[in-house]
Amino acid sequence: MTLTTESTPDVPISIFTLPILSQPSVPPILPYSPHRNAHTPLAIDNGSSSLRFGFATSPTPQVVPNIVSKYKERRAGKQLLLFGDAIDTEGGARSQAKTPWEGDVLLNFDALEHALDYVFIRLGINSPTVDHPVIMTERLASPLHSRALTSELMFELYSVPSLTYAVDAILSFYHNNRPTPPSSPLTTSGLAISFNTSSTSVIPILNGKGIMSQAKRIPWGSQQASEYLLKLIQLKYPTFSTRVTPAHTNWMLHSFCEMSPDYSALLRRLREPQQLHGIERIIQFPYVLPAADERTEEEIARAAEKRREQGKKLQEMAAKARLEKLVQKESDLQYLTNLKDRRGEESRREWQSLLQSEGFSDDAALDQAIKKLEADLKKTRKKAANDGDDVMEEPSFPLVDTPDDQLDEEGLKEKKKQKLLKAGFEARARARREKEKALEERAAEERKEDEERAADPLAWVARVRAEHVSVMERIKGRNRRKAALGDRKSAAAQARMKNIATLAADERVSKKRRKGGGEDMFGADDEDWAIYRKINTAAVSSDEEEDLTQLQAVEQKLLTHDPNFGVEQTHAALSSQRSAFMSAFRPQYLDGDVQGRARIHLSLERWRVCETWFAPSMAGVDSAGLGEVLQNVLASFSLADRERLVQNVFLTGTPAQMPGLSDRLHTTLRPILPPEMPLRIVRAADTSLDAWRGMAEFAQTEEFARVGVTKAEYEEWGGERVRRWWGGNWNASVA
């Protein structure tokens, strides 16, 4: 796989494209004649993701993905059995693929049988039986059920003469610490840490023998880390334009992720947006450019002019509707005020009957309706005054007082128009008067506040700061509610859906009229718009505007009169800092930027995913981390044995290639060891293939013949029993 890097002259940026998968080729079948009747041992490393196999005399194994798929080819109507790389040749085969493993346990034995068939066919074994002793890997503390069925396959189906189970980490340790001469036993001590696909194992080795009673395993491997990275990307890009697959995140994990010696210090350093920009890696996914606009410039100009005319017409219609609504509200207010004045003229029973006929339950409901109308009119007049502050002479409206019977049809239309204009002029005049009154009241409040500040500056500052905190809390609470609406399981989101369901079940229009196209009555009641403001998360509420205006005024007072209040404490500065960090964490692209919106920015995720090996709880896994497991394993040995173990901390497995892993382990182990105790961490020469090489080398020694289970012993003991030896599991073993 090759990485493509791009950069711009002004801002250095690293953009990597997804690797292009090459079409798999059909591998040749190896000649079997050199091994026929030679009883050459077979070494099979049955990994969760890769299957490595070959004769023990081969220098390197054959490697193939350990995955099988039964697929029906539609054109020919034939059932196909695909294994390994061949699955990628058929688009529908990947969805039906499975491996012999379920997590870290060998369970799918039909898939294992297909995998072993593939192994023996590739090795060219064309005899009725497999007349070769086999050494095969199994997981640390493998379940007896898995071992029994595997032994049944090997002995009953393939008739192998003997079968030896080995733990891959110990055989990789054997290869990298091979004794000289090779025939002599292994006497090296060390602490083997095996990073596998679905688990991570820690095995202490003393004098060349694995101490399986003190070995530990945690349920976290590269597969879980890849799935965790996929979840982080889905949370970061919930509406990403392209589907991100586990294969993509597995490639990102091995290409860009690394360990940090001090994850907490890294988080503190990455709080700065510039630092976050500097460590990000950008992955460019495939995209399709939109079709170009083939219209001429004249057609585009005509369309723009048409949109402007439509916008102007809509503005005029909206202004007319606002004016009519204002006139109606003033009329309603006048009517309700007159109704309230009749309270003293009517008897108690007549007044209650009158209220009920007008739709009010009691006096409080009437007072509340009047108060609401006055507040709405005040807000509308204030907006009208701000829109038109220019003082205009009062225009004449000659037809307003003219009787209707003296006017023709055109005159009646003009009279109606003049009535609206007059009402609008009077409303703006009242708004100007109310604005002037408000300015006078504000000036009086400012004079009073100046007097309070001069009399007791500390109390004034404390009061204004408390007001600032109160407004900030209201704004934060509103923002938290908006964020909660994004989670469909939150109480706020469920309340929003309940409001929407209530609107959908509106009973003011009967089902019959609704089906027949009856008039929609939404908006006829002011409560409808209150519900609309609740369910419309994008709209800026009037309360939010008032809070922001009040907050700006309070902050301006504090900046002027409080020397301890700086610009960095203002709402704008705090929001700018958060915005800069979020922009660095997830840069935003314009809607038309198809290329930019098909990019994934990996920044903090590069270290967060790897940190889960030491803190699986970050990903929701209830398990001890690698550091805690190492401490528990070392604590079970004496100080002398502990010193021998930590002088050779051995790392193996494909994920052991992650950058920074050795430094992270050194940071973890050094504090729990005495200062004078030496610590050495080494990595396998080939973390992926050294386990197979160790199996192949051990299979050529004389000891190999003594540790395997023969077919006669299998028939006597059953498939669960094995011989206890330094490189295998101890459960159900025979000494």
# chains A, B, ... in the order shown; residues from 1 in each chain; ligands from 1

call {"tool": "residues_around", "arguments": {"residues": "Ser69 in chain A", "least_positions_apart": "2", "cutoff": "8 Å", "atoms": "only C-alpha atoms", "output": "VMD selection string"}}
result
chain A and resid 67 71 81 to 83 87 93 to 94 96 to 98

call {"tool": "write_last_selection", "arguments": {"atoms": "all heavy atoms", "output": "CSV table (one decimal), in the first residue's frame"}}
result
chain,number,residue,atom,x,y,z
A,67,ILE,N,-10.3,-16.3,6.2
A,67,ILE,CA,-11.7,-16.0,6.1
A,67,ILE,C,-12.3,-16.8,4.9
A,67,ILE,O,-11.6,-17.0,3.9
A,67,ILE,CB,-11.9,-14.5,5.8
A,67,ILE,CG1,-13.4,-14.1,5.8
A,67,ILE,CG2,-11.2,-14.0,4.5
A,67,ILE,CD1,-13.6,-12.6,5.8
A,71,TYR,N,-20.6,-18.6,-1.5
A,71,TYR,CA,-21.3,-17.5,-2.3
A,71,TYR,C,-21.9,-18.2,-3.6
A,71,TYR,O,-21.2,-19.0,-4.2
A,71,TYR,CB,-20.2,-16.5,-2.7
A,71,TYR,CG,-20.7,-15.4,-3.7
A,71,TYR,CD1,-21.6,-14.5,-3.2
A,71,TYR,CD2,-20.3,-15.4,-5.0
A,71,TYR,CE1,-22.0,-13.5,-4.1
A,71,TYR,CE2,-20.7,-14.4,-5.9
A,71,TYR,CZ,-21.6,-13.5,-5.4
A,71,TYR,OH,-22.0,-12.5,-6.3
A,81,LEU,N,-17.2,-21.6,-3.2
A,81,LEU,CA,-16.5,-21.6,-1.9
A,81,LEU,C,-15.2,-20.8,-2.1
A,81,LEU,O,-14.3,-21.2,-2.8
A,81,LEU,CB,-16.3,-23.0,-1.4
A,81,LEU,CG,-15.6,-23.0,0.0
A,81,LEU,CD1,-16.6,-22.5,1.0
A,81,LEU,CD2,-15.2,-24.5,0.3
A,82,LEU,N,-15.2,-19.6,-1.5
A,82,LEU,CA,-14.1,-18.7,-1.7
A,82,LEU,C,-13.3,-18.6,-0.4
A,82,LEU,O,-13.9,-18.5,0.7
A,82,LEU,CB,-14.6,-17.3,-2.1
A,82,LEU,CG,-15.4,-17.2,-3.4
A,82,LEU,CD1,-15.9,-15.8,-3.7
A,82,LEU,CD2,-14.6,-17.8,-4.6
A,83,PHE,N,-12.0,-18.5,-0.5
A,83,PHE,CA,-11.2,-18.4,0.7
A,83,PHE,C,-10.1,-17.4,0.5
A,83,PHE,O,-9.5,-17.3,-0.6
A,83,PHE,CB,-10.5,-19.8,1.0
A,83,PHE,CG,-9.8,-19.9,2.4
A,83,PHE,CD1,-10.5,-20.1,3.5
A,83,PHE,CD2,-8.5,-19.6,2.4
A,83,PHE,CE1,-9.9,-20.1,4.8
A,83,PHE,CE2,-7.8,-19.7,3.6
A,83,PHE,CZ,-8.5,-19.9,4.8
A,87,ILE,N,-12.1,-13.7,-1.9
A,87,ILE,CA,-13.4,-13.2,-1.5
A,87,ILE,C,-13.6,-11.8,-2.1
A,87,ILE,O,-14.7,-11.4,-2.4
A,87,ILE,CB,-13.5,-13.1,0.1
A,87,ILE,CG1,-13.6,-14.6,0.6
A,87,ILE,CG2,-14.7,-12.3,0.5
A,87,ILE,CD1,-13.6,-14.7,2.1
A,93,ALA,N,-19.7,-11.5,-1.9
A,93,ALA,CA,-19.1,-12.6,-1.1
A,93,ALA,C,-18.7,-12.1,0.3
A,93,ALA,O,-18.7,-12.8,1.3
A,93,ALA,CB,-17.9,-13.2,-1.8
A,94,ARG,N,-18.3,-10.8,0.4
A,94,ARG,CA,-17.8,-10.2,1.6
A,94,ARG,C,-18.9,-10.2,2.7
A,94,ARG,O,-18.6,-10.4,3.9
A,94,ARG,CB,-17.2,-8.8,1.4
A,94,ARG,CG,-16.8,-8.1,2.6
A,94,ARG,CD,-15.6,-8.7,3.3
A,94,ARG,NE,-14.4,-8.7,2.6
A,94,ARG,CZ,-13.2,-9.1,3.0
A,94,ARG,NH1,-13.2,-9.5,4.3
A,94,ARG,NH2,-12.2,-9.1,2.3
A,96,GLN,N,-21.1,-12.4,3.2
A,96,GLN,CA,-21.4,-13.7,3.7
A,96,GLN,C,-20.2,-14.4,4.3
A,96,GLN,O,-20.2,-15.6,4.5
A,96,GLN,CB,-22.0,-14.6,2.6
A,96,GLN,CG,-23.3,-14.0,2.0
A,96,GLN,CD,-23.8,-14.8,0.9
A,96,GLN,OE1,-23.6,-16.0,0.9
A,96,GLN,NE2,-24.5,-14.2,0.0
A,97,ALA,N,-19.1,-13.6,4.4
A,97,ALA,CA,-17.8,-14.2,4.9
A,97,ALA,C,-17.8,-14.4,6.4
A,97,ALA,O,-18.5,-13.7,7.1
A,97,ALA,CB,-16.7,-13.3,4.5
A,98,LYS,N,-17.1,-15.4,6.8
A,98,LYS,CA,-16.9,-15.7,8.3
A,98,LYS,C,-15.5,-16.3,8.5
A,98,LYS,O,-14.9,-16.9,7.5
A,98,LYS,CB,-18.0,-16.5,8.8
A,98,LYS,CG,-18.1,-17.9,8.3
A,98,LYS,CD,-19.2,-18.7,9.0
A,98,LYS,CE,-19.2,-20.2,8.4
A,98,LYS,NZ,-20.3,-20.9,9.1

call {"tool": "select_by_dssp", "arguments": {"residues": "range 178-354 of chain A", "states": "strand (DSSP E)", "output": "ChimeraX atom specification"}}
result
/A:190-195,200-206,209-210,216-218,281-284

call {"tool": "residues_around", "arguments": {"residues": "range 469-475 of chain A", "least_positions_apart": "6", "cutoff": "9 Å", "atoms": "only C-alpha atoms", "output": "PDB file with N, CA, C and O atoms, in the first residue's frame"}}
result
ATOM      1  N   GLU A 544     -33.084  34.234  23.612  1.00  0.00           N
ATOM      2  CA  GLU A 544     -31.640  34.167  23.368  1.00  0.00           C
ATOM      3  C   GLU A 544     -31.105  35.513  22.897  1.00  0.00           C
ATOM      4  O   GLU A 544     -30.030  35.944  23.332  1.00  0.00           O
ATOM      5  N   ASP A 547     -30.946  37.781  25.931  1.00  0.00           N
ATOM      6  CA  ASP A 547     -29.841  37.425  26.820  1.00  0.00           C
ATOM      7  C   ASP A 547     -28.502  37.890  26.260  1.00  0.00           C
ATOM      8  O   ASP A 547     -27.642  38.384  27.004  1.00  0.00           O
ATOM      9  N   LEU A 548     -28.305  37.734  24.965  1.00  0.00           N
ATOM     10  CA  LEU A 548     -27.042  38.173  24.360  1.00  0.00           C
ATOM     11  C   LEU A 548     -26.897  39.687  24.440  1.00  0.00           C
ATOM     12  O   LEU A 548     -25.803  40.201  24.719  1.00  0.00           O
ATOM     13  N   GLN A 550     -28.290  41.662  26.711  1.00  0.00           N
ATOM     14  CA  GLN A 550     -28.041  41.978  28.113  1.00  0.00           C
ATOM     15  C   GLN A 550     -26.614  41.618  28.502  1.00  0.00           C
ATOM     16  O   GLN A 550     -25.948  42.362  29.247  1.00  0.00           O
ATOM     17  N   LEU A 551     -26.111  40.478  27.994  1.00  0.00           N
ATOM     18  CA  LEU A 551     -24.755  40.051  28.328  1.00  0.00           C
ATOM     19  C   LEU A 551     -23.720  41.043  27.799  1.00  0.00           C
ATOM     20  O   LEU A 551     -22.742  41.365  28.496  1.00  0.00           O
ATOM     21  N   HIS A 571     -17.897  36.539  26.924  1.00  0.00           N
ATOM     22  CA  HIS A 571     -18.544  35.410  26.238  1.00  0.00           C
ATOM     23  C   HIS A 571     -17.983  35.235  24.831  1.00  0.00           C
ATOM     24  O   HIS A 571     -17.777  34.106  24.363  1.00  0.00           O
TER      25      HIS A 571
END

call {"tool": "atom_distance", "arguments": {"atom1": "CA of Gln595 in chain A", "atom2": "CA of Tyr237 in chain A"}}
result
14.9 Å

call {"tool": "atom_distance", "arguments": {"atom1": "CA of Phe53 in chain A", "atom2": "CA of Leu153 in chain A"}}
result
16.9 Å

call {"tool": "select_by_dssp", "arguments": {"residues": "range 188-322 of chain A", "states": "helix (DSSP H, G or I)", "output": "PyMOL selection string"}}
result
chain A and resi 212-214+222-236+246-256+263-269+273-279+297-322

call {"tool": "residues_around", "arguments": {"residues": "range 339-351 of chain A", "least_positions_apart": "2", "cutoff": "12 Å", "atoms": "only C-alpha atoms", "output": "ChimeraX atom specification"}}
result
/A:332-337,353-358,360-370

call {"tool": "write_last_selection", "arguments": {"atoms": "C-alpha atoms", "output": "short mmCIF file (atom, residue, chain, number, x, y, z; two decimals), in the first residue's frame"}}
result
data_model
loop_
_atom_site.label_atom_id
_atom_site.label_comp_id
_atom_site.auth_asym_id
_atom_site.auth_seq_id
_atom_site.Cartn_x
_atom_site.Cartn_y
_atom_site.Cartn_z
CA ASP A 332 -58.03 43.19 20.30
CA LEU A 333 -56.24 45.07 23.06
CA GLN A 334 -58.71 47.91 22.89
CA TYR A 335 -61.63 45.47 23.00
CA LEU A 336 -60.22 43.58 26.00
CA THR A 337 -59.44 46.83 27.81
CA SER A 353 -71.17 34.82 32.37
CA LEU A 354 -69.69 37.56 30.19
CA LEU A 355 -66.15 36.28 30.78
CA GLN A 356 -67.14 32.72 29.87
CA SER A 357 -68.86 33.90 26.70
CA GLU A 358 -65.61 35.64 25.70
CA PHE A 360 -62.02 33.41 29.75
CA SER A 361 -62.34 31.27 32.87
CA ASP A 362 -61.77 34.06 35.39
CA ASP A 363 -60.33 37.56 35.86
CA ALA A 364 -56.77 36.25 35.99
CA ALA A 365 -57.09 34.77 32.49
CA LEU A 366 -58.34 38.11 31.16
CA ASP A 367 -55.51 40.01 32.83
CA GLN A 368 -52.98 37.54 31.45
CA ALA A 369 -54.35 37.93 27.91
CA ILE A 370 -54.16 41.75 28.18
#

call {"tool": "residues_around", "arguments": {"residues": "Gly54 in chain A", "least_positions_apart": "3", "cutoff": "12 Å", "atoms": "only C-alpha atoms", "output": "NGL selection string"}}
result
:A and (29-30 or 32 or 35 or 40-46 or 51 or 57-64 or 116 or 118-125 or 132 or 134-136 or 689 or 692-693 or 695-696 or 699)

call {"tool": "atom_distance", "arguments": {"atom1": "CA of Pro261 in chain A", "atom2": "CA of Thr667 in chain A"}}
result
6.2 Å

call {"tool": "residues_around", "arguments": {"residues": "range 409-421 of chain A", "least_positions_apart": "4", "cutoff": "12 Å", "atoms": "only C-alpha atoms", "output": "PyMOL selection string"}}
result
chain A and resi 319-328+394-405+425-428

call {"tool": "closest_atom_pairs", "arguments": {"of": "range 277-344 of chain A", "to": "range 15-27 of chain A", "cutoff": "9 Å", "atoms": "only C-alpha atoms", "output": "tab-separated table"}}
result
residue	atom	partner	partner_atom	distance
A:Arg281	CA	A:Ile15	CA	6.6
A:Ile282	CA	A:Ile15	CA	4.7
A:Ile283	CA	A:Phe16	CA	4.8
A:Gln284	CA	A:Thr17	CA	4.9
A:Phe285	CA	A:Leu18	CA	6.5
A:Pro286	CA	A:Leu18	CA	8.2

call {"tool": "residues_around", "arguments": {"residues": "Lys378 in chain A", "least_positions_apart": "4", "cutoff": "12 Å", "atoms": "only C-alpha atoms", "output": "number ranges by chain"}}
result
A: 326, 329-330, 333, 371-374, 382-385, 427-428, 430-435, 438

call {"tool": "write_last_selection", "arguments": {"atoms": "N, CA and C atoms", "output": "compact mmCIF listing (two decimals), in the first residue's frame"}}
result
# COMPACT_ATOMS: atom_id res chain seq x y z
N LEU A 326 -50.53 43.76 13.39
CA LEU A 326 -50.39 44.80 14.40
C LEU A 326 -51.72 45.51 14.62
N LYS A 329 -54.01 43.25 16.54
CA LYS A 329 -53.67 43.15 17.96
C LYS A 329 -54.07 44.41 18.71
N GLU A 330 -53.90 45.60 18.09
CA GLU A 330 -54.33 46.83 18.75
C GLU A 330 -55.84 46.85 18.94
N LEU A 333 -56.60 44.49 21.77
CA LEU A 333 -56.24 45.07 23.06
C LEU A 333 -57.27 46.10 23.51
N LYS A 371 -52.06 41.40 29.34
CA LYS A 371 -50.63 41.58 29.57
C LYS A 371 -49.82 41.02 28.40
N LYS A 372 -50.22 39.86 27.86
CA LYS A 372 -49.52 39.25 26.73
C LYS A 372 -49.64 40.12 25.48
N LEU A 373 -50.84 40.65 25.24
CA LEU A 373 -51.01 41.53 24.07
C LEU A 373 -50.17 42.78 24.20
N GLU A 374 -50.11 43.38 25.39
CA GLU A 374 -49.31 44.58 25.59
C GLU A 374 -47.83 44.30 25.35
N LYS A 382 -41.33 48.35 19.02
CA LYS A 382 -39.90 48.60 19.18
C LYS A 382 -39.13 48.22 17.92
N LYS A 383 -39.51 47.09 17.33
CA LYS A 383 -38.87 46.67 16.09
C LYS A 383 -39.18 47.63 14.96
N ALA A 384 -40.43 48.10 14.90
CA ALA A 384 -40.81 49.06 13.86
C ALA A 384 -40.07 50.37 14.02
N ALA A 385 -39.86 50.77 15.28
CA ALA A 385 -39.13 52.02 15.51
C ALA A 385 -37.67 51.88 15.10
N ALA A 427 -48.88 53.47 14.43
CA ALA A 427 -48.13 52.47 15.20
C ALA A 427 -46.66 52.87 15.30
N ARG A 428 -46.07 53.37 14.19
CA ARG A 428 -44.67 53.79 14.24
C ARG A 428 -44.51 55.01 15.15
N ARG A 430 -46.37 55.72 17.79
CA ARG A 430 -46.41 55.23 19.16
C ARG A 430 -45.12 54.52 19.54
N ALA A 431 -44.57 53.77 18.59
CA ALA A 431 -43.31 53.09 18.87
C ALA A 431 -42.20 54.08 19.14
N ARG A 432 -42.16 55.20 18.37
CA ARG A 432 -41.13 56.21 18.61
C ARG A 432 -41.30 56.84 19.99
N ARG A 433 -42.56 57.08 20.35
CA ARG A 433 -42.78 57.68 21.66
C ARG A 433 -42.36 56.71 22.77
N GLU A 434 -42.70 55.43 22.59
CA GLU A 434 -42.29 54.45 23.60
C GLU A 434 -40.77 54.30 23.64
N LYS A 435 -40.12 54.43 22.49
CA LYS A 435 -38.67 54.35 22.47
C LYS A 435 -38.05 55.53 23.20
N ALA A 438 -38.47 54.89 26.77
CA ALA A 438 -37.52 53.88 27.23
C ALA A 438 -36.12 54.45 27.37

call {"tool": "decode", "arguments": {"residues": "range 613-639 of chain A", "atoms": "N, CA, C and O atoms", "output": "PDB file, in the first residue's frame"}}
result
ATOM      1  N   TRP A 613      -5.370   0.032  25.017  1.00  0.00           N
ATOM      2  CA  TRP A 613      -4.669  -1.163  25.485  1.00  0.00           C
ATOM      3  C   TRP A 613      -4.324  -1.034  26.969  1.00  0.00           C
ATOM      4  O   TRP A 613      -4.281  -2.022  27.682  1.00  0.00           O
ATOM      5  N   PHE A 614      -4.087   0.188  27.414  1.00  0.00           N
ATOM      6  CA  PHE A 614      -3.751   0.415  28.819  1.00  0.00           C
ATOM      7  C   PHE A 614      -4.964   0.861  29.633  1.00  0.00           C
ATOM      8  O   PHE A 614      -4.905   0.855  30.863  1.00  0.00           O
ATOM      9  N   ALA A 615      -6.050   1.250  28.975  1.00  0.00           N
ATOM     10  CA  ALA A 615      -7.280   1.654  29.666  1.00  0.00           C
ATOM     11  C   ALA A 615      -8.477   1.223  28.831  1.00  0.00           C
ATOM     12  O   ALA A 615      -9.111   2.038  28.159  1.00  0.00           O
ATOM     13  N   PRO A 616      -8.823  -0.081  28.828  1.00  0.00           N
ATOM     14  CA  PRO A 616      -9.969  -0.540  28.025  1.00  0.00           C
ATOM     15  C   PRO A 616     -11.286   0.103  28.434  1.00  0.00           C
ATOM     16  O   PRO A 616     -12.241   0.116  27.650  1.00  0.00           O
ATOM     17  N   SER A 617     -11.361   0.639  29.647  1.00  0.00           N
ATOM     18  CA  SER A 617     -12.604   1.282  30.089  1.00  0.00           C
ATOM     19  C   SER A 617     -12.939   2.503  29.240  1.00  0.00           C
ATOM     20  O   SER A 617     -14.099   2.915  29.188  1.00  0.00           O
ATOM     21  N   MET A 618     -11.953   3.097  28.561  1.00  0.00           N
ATOM     22  CA  MET A 618     -12.224   4.214  27.661  1.00  0.00           C
ATOM     23  C   MET A 618     -13.197   3.804  26.556  1.00  0.00           C
ATOM     24  O   MET A 618     -13.982   4.622  26.081  1.00  0.00           O
ATOM     25  N   ALA A 619     -13.128   2.541  26.164  1.00  0.00           N
ATOM     26  CA  ALA A 619     -13.998   2.032  25.107  1.00  0.00           C
ATOM     27  C   ALA A 619     -15.173   1.244  25.659  1.00  0.00           C
ATOM     28  O   ALA A 619     -15.868   0.559  24.904  1.00  0.00           O
ATOM     29  N   GLY A 620     -15.393   1.318  26.966  1.00  0.00           N
ATOM     30  CA  GLY A 620     -16.528   0.632  27.552  1.00  0.00           C
ATOM     31  C   GLY A 620     -16.302  -0.829  27.864  1.00  0.00           C
ATOM     32  O   GLY A 620     -17.267  -1.578  28.062  1.00  0.00           O
ATOM     33  N   VAL A 621     -15.044  -1.281  27.935  1.00  0.00           N
ATOM     34  CA  VAL A 621     -14.732  -2.681  28.238  1.00  0.00           C
ATOM     35  C   VAL A 621     -14.322  -2.776  29.700  1.00  0.00           C
ATOM     36  O   VAL A 621     -13.390  -2.081  30.147  1.00  0.00           O
ATOM     37  N   ASP A 622     -15.011  -3.620  30.447  1.00  0.00           N
ATOM     38  CA  ASP A 622     -14.734  -3.780  31.874  1.00  0.00           C
ATOM     39  C   ASP A 622     -13.587  -4.771  32.037  1.00  0.00           C
ATOM     40  O   ASP A 622     -13.794  -5.980  32.222  1.00  0.00           O
ATOM     41  N   SER A 623     -12.372  -4.262  31.946  1.00  0.00           N
ATOM     42  CA  SER A 623     -11.200  -5.122  32.033  1.00  0.00           C
ATOM     43  C   SER A 623     -10.021  -4.295  32.524  1.00  0.00           C
ATOM     44  O   SER A 623      -9.984  -3.069  32.352  1.00  0.00           O
ATOM     45  N   ALA A 624      -9.074  -4.981  33.146  1.00  0.00           N
ATOM     46  CA  ALA A 624      -7.837  -4.312  33.535  1.00  0.00           C
ATOM     47  C   ALA A 624      -7.019  -3.969  32.304  1.00  0.00           C
ATOM     48  O   ALA A 624      -7.082  -4.662  31.282  1.00  0.00           O
ATOM     49  N   GLY A 625      -6.241  -2.905  32.404  1.00  0.00           N
ATOM     50  CA  GLY A 625      -5.374  -2.518  31.310  1.00  0.00           C
ATOM     51  C   GLY A 625      -4.071  -3.292  31.326  1.00  0.00           C
ATOM     52  O   GLY A 625      -3.766  -4.052  32.259  1.00  0.00           O
ATOM     53  N   LEU A 626      -3.275  -3.098  30.288  1.00  0.00           N
ATOM     54  CA  LEU A 626      -2.025  -3.835  30.162  1.00  0.00           C
ATOM     55  C   LEU A 626      -1.068  -3.496  31.302  1.00  0.00           C
ATOM     56  O   LEU A 626      -0.370  -4.377  31.826  1.00  0.00           O
ATOM     57  N   GLY A 627      -1.030  -2.239  31.735  1.00  0.00           N
ATOM     58  CA  GLY A 627      -0.142  -1.863  32.837  1.00  0.00           C
ATOM     59  C   GLY A 627      -0.510  -2.559  34.135  1.00  0.00           C
ATOM     60  O   GLY A 627       0.367  -3.053  34.865  1.00  0.00           O
ATOM     61  N   GLU A 628      -1.802  -2.636  34.447  1.00  0.00           N
ATOM     62  CA  GLU A 628      -2.243  -3.310  35.667  1.00  0.00           C
ATOM     63  C   GLU A 628      -1.964  -4.803  35.599  1.00  0.00           C
ATOM     64  O   GLU A 628      -1.561  -5.423  36.595  1.00  0.00           O
ATOM     65  N   VAL A 629      -2.156  -5.411  34.435  1.00  0.00           N
ATOM     66  CA  VAL A 629      -1.885  -6.846  34.283  1.00  0.00           C
ATOM     67  C   VAL A 629      -0.397  -7.133  34.467  1.00  0.00           C
ATOM     68  O   VAL A 629      -0.007  -8.102  35.142  1.00  0.00           O
ATOM     69  N   LEU A 630       0.460  -6.300  33.895  1.00  0.00           N
ATOM     70  CA  LEU A 630       1.902  -6.491  34.059  1.00  0.00           C
ATOM     71  C   LEU A 630       2.300  -6.400  35.526  1.00  0.00           C
ATOM     72  O   LEU A 630       3.119  -7.190  36.018  1.00  0.00           O
ATOM     73  N   GLN A 631       1.718  -5.439  36.226  1.00  0.00           N
ATOM     74  CA  GLN A 631       2.037  -5.293  37.648  1.00  0.00           C
ATOM     75  C   GLN A 631       1.598  -6.520  38.437  1.00  0.00           C
ATOM     76  O   GLN A 631       2.333  -7.005  39.316  1.00  0.00           O
ATOM     77  N   ASN A 632       0.422  -7.070  38.146  1.00  0.00           N
ATOM     78  CA  ASN A 632      -0.054  -8.256  38.858  1.00  0.00           C
ATOM     79  C   ASN A 632       0.800  -9.484  38.550  1.00  0.00           C
ATOM     80  O   ASN A 632       1.072 -10.302  39.442  1.00  0.00           O
ATOM     81  N   VAL A 633       1.219  -9.629  37.289  1.00  0.00           N
ATOM     82  CA  VAL A 633       2.045 -10.786  36.928  1.00  0.00           C
ATOM     83  C   VAL A 633       3.402 -10.705  37.623  1.00  0.00           C
ATOM     84  O   VAL A 633       3.881 -11.691  38.215  1.00  0.00           O
ATOM     85  N   LEU A 634       4.034  -9.543  37.592  1.00  0.00           N
ATOM     86  CA  LEU A 634       5.361  -9.408  38.208  1.00  0.00           C
ATOM     87  C   LEU A 634       5.289  -9.558  39.725  1.00  0.00           C
ATOM     88  O   LEU A 634       6.240 -10.043  40.355  1.00  0.00           O
ATOM     89  N   ALA A 635       4.177  -9.132  40.331  1.00  0.00           N
ATOM     90  CA  ALA A 635       4.057  -9.217  41.788  1.00  0.00           C
ATOM     91  C   ALA A 635       4.013 -10.654  42.283  1.00  0.00           C
ATOM     92  O   ALA A 635       4.274 -10.913  43.472  1.00  0.00           O
ATOM     93  N   SER A 636       3.708 -11.613  41.434  1.00  0.00           N
ATOM     94  CA  SER A 636       3.622 -13.016  41.860  1.00  0.00           C
ATOM     95  C   SER A 636       4.979 -13.719  41.857  1.00  0.00           C
ATOM     96  O   SER A 636       5.049 -14.903  42.184  1.00  0.00           O
ATOM     97  N   PHE A 637       6.057 -13.018  41.500  1.00  0.00           N
ATOM     98  CA  PHE A 637       7.400 -13.608  41.456  1.00  0.00           C
ATOM     99  C   PHE A 637       8.283 -12.941  42.506  1.00  0.00           C
ATOM    100  O   PHE A 637       8.029 -11.808  42.944  1.00  0.00           O
ATOM    101  N   SER A 638       9.323 -13.643  42.863  1.00  0.00           N
ATOM    102  CA  SER A 638      10.297 -13.087  43.801  1.00  0.00           C
ATOM    103  C   SER A 638      11.083 -11.970  43.130  1.00  0.00           C
ATOM    104  O   SER A 638      11.043 -11.804  41.908  1.00  0.00           O
ATOM    105  N   LEU A 639      11.800 -11.219  43.941  1.00  0.00           N
ATOM    106  CA  LEU A 639      12.543 -10.078  43.402  1.00  0.00           C
ATOM    107  C   LEU A 639      13.603 -10.534  42.409  1.00  0.00           C
ATOM    108  O   LEU A 639      13.823  -9.883  41.376  1.00  0.00           O
TER     109      LEU A 639
END
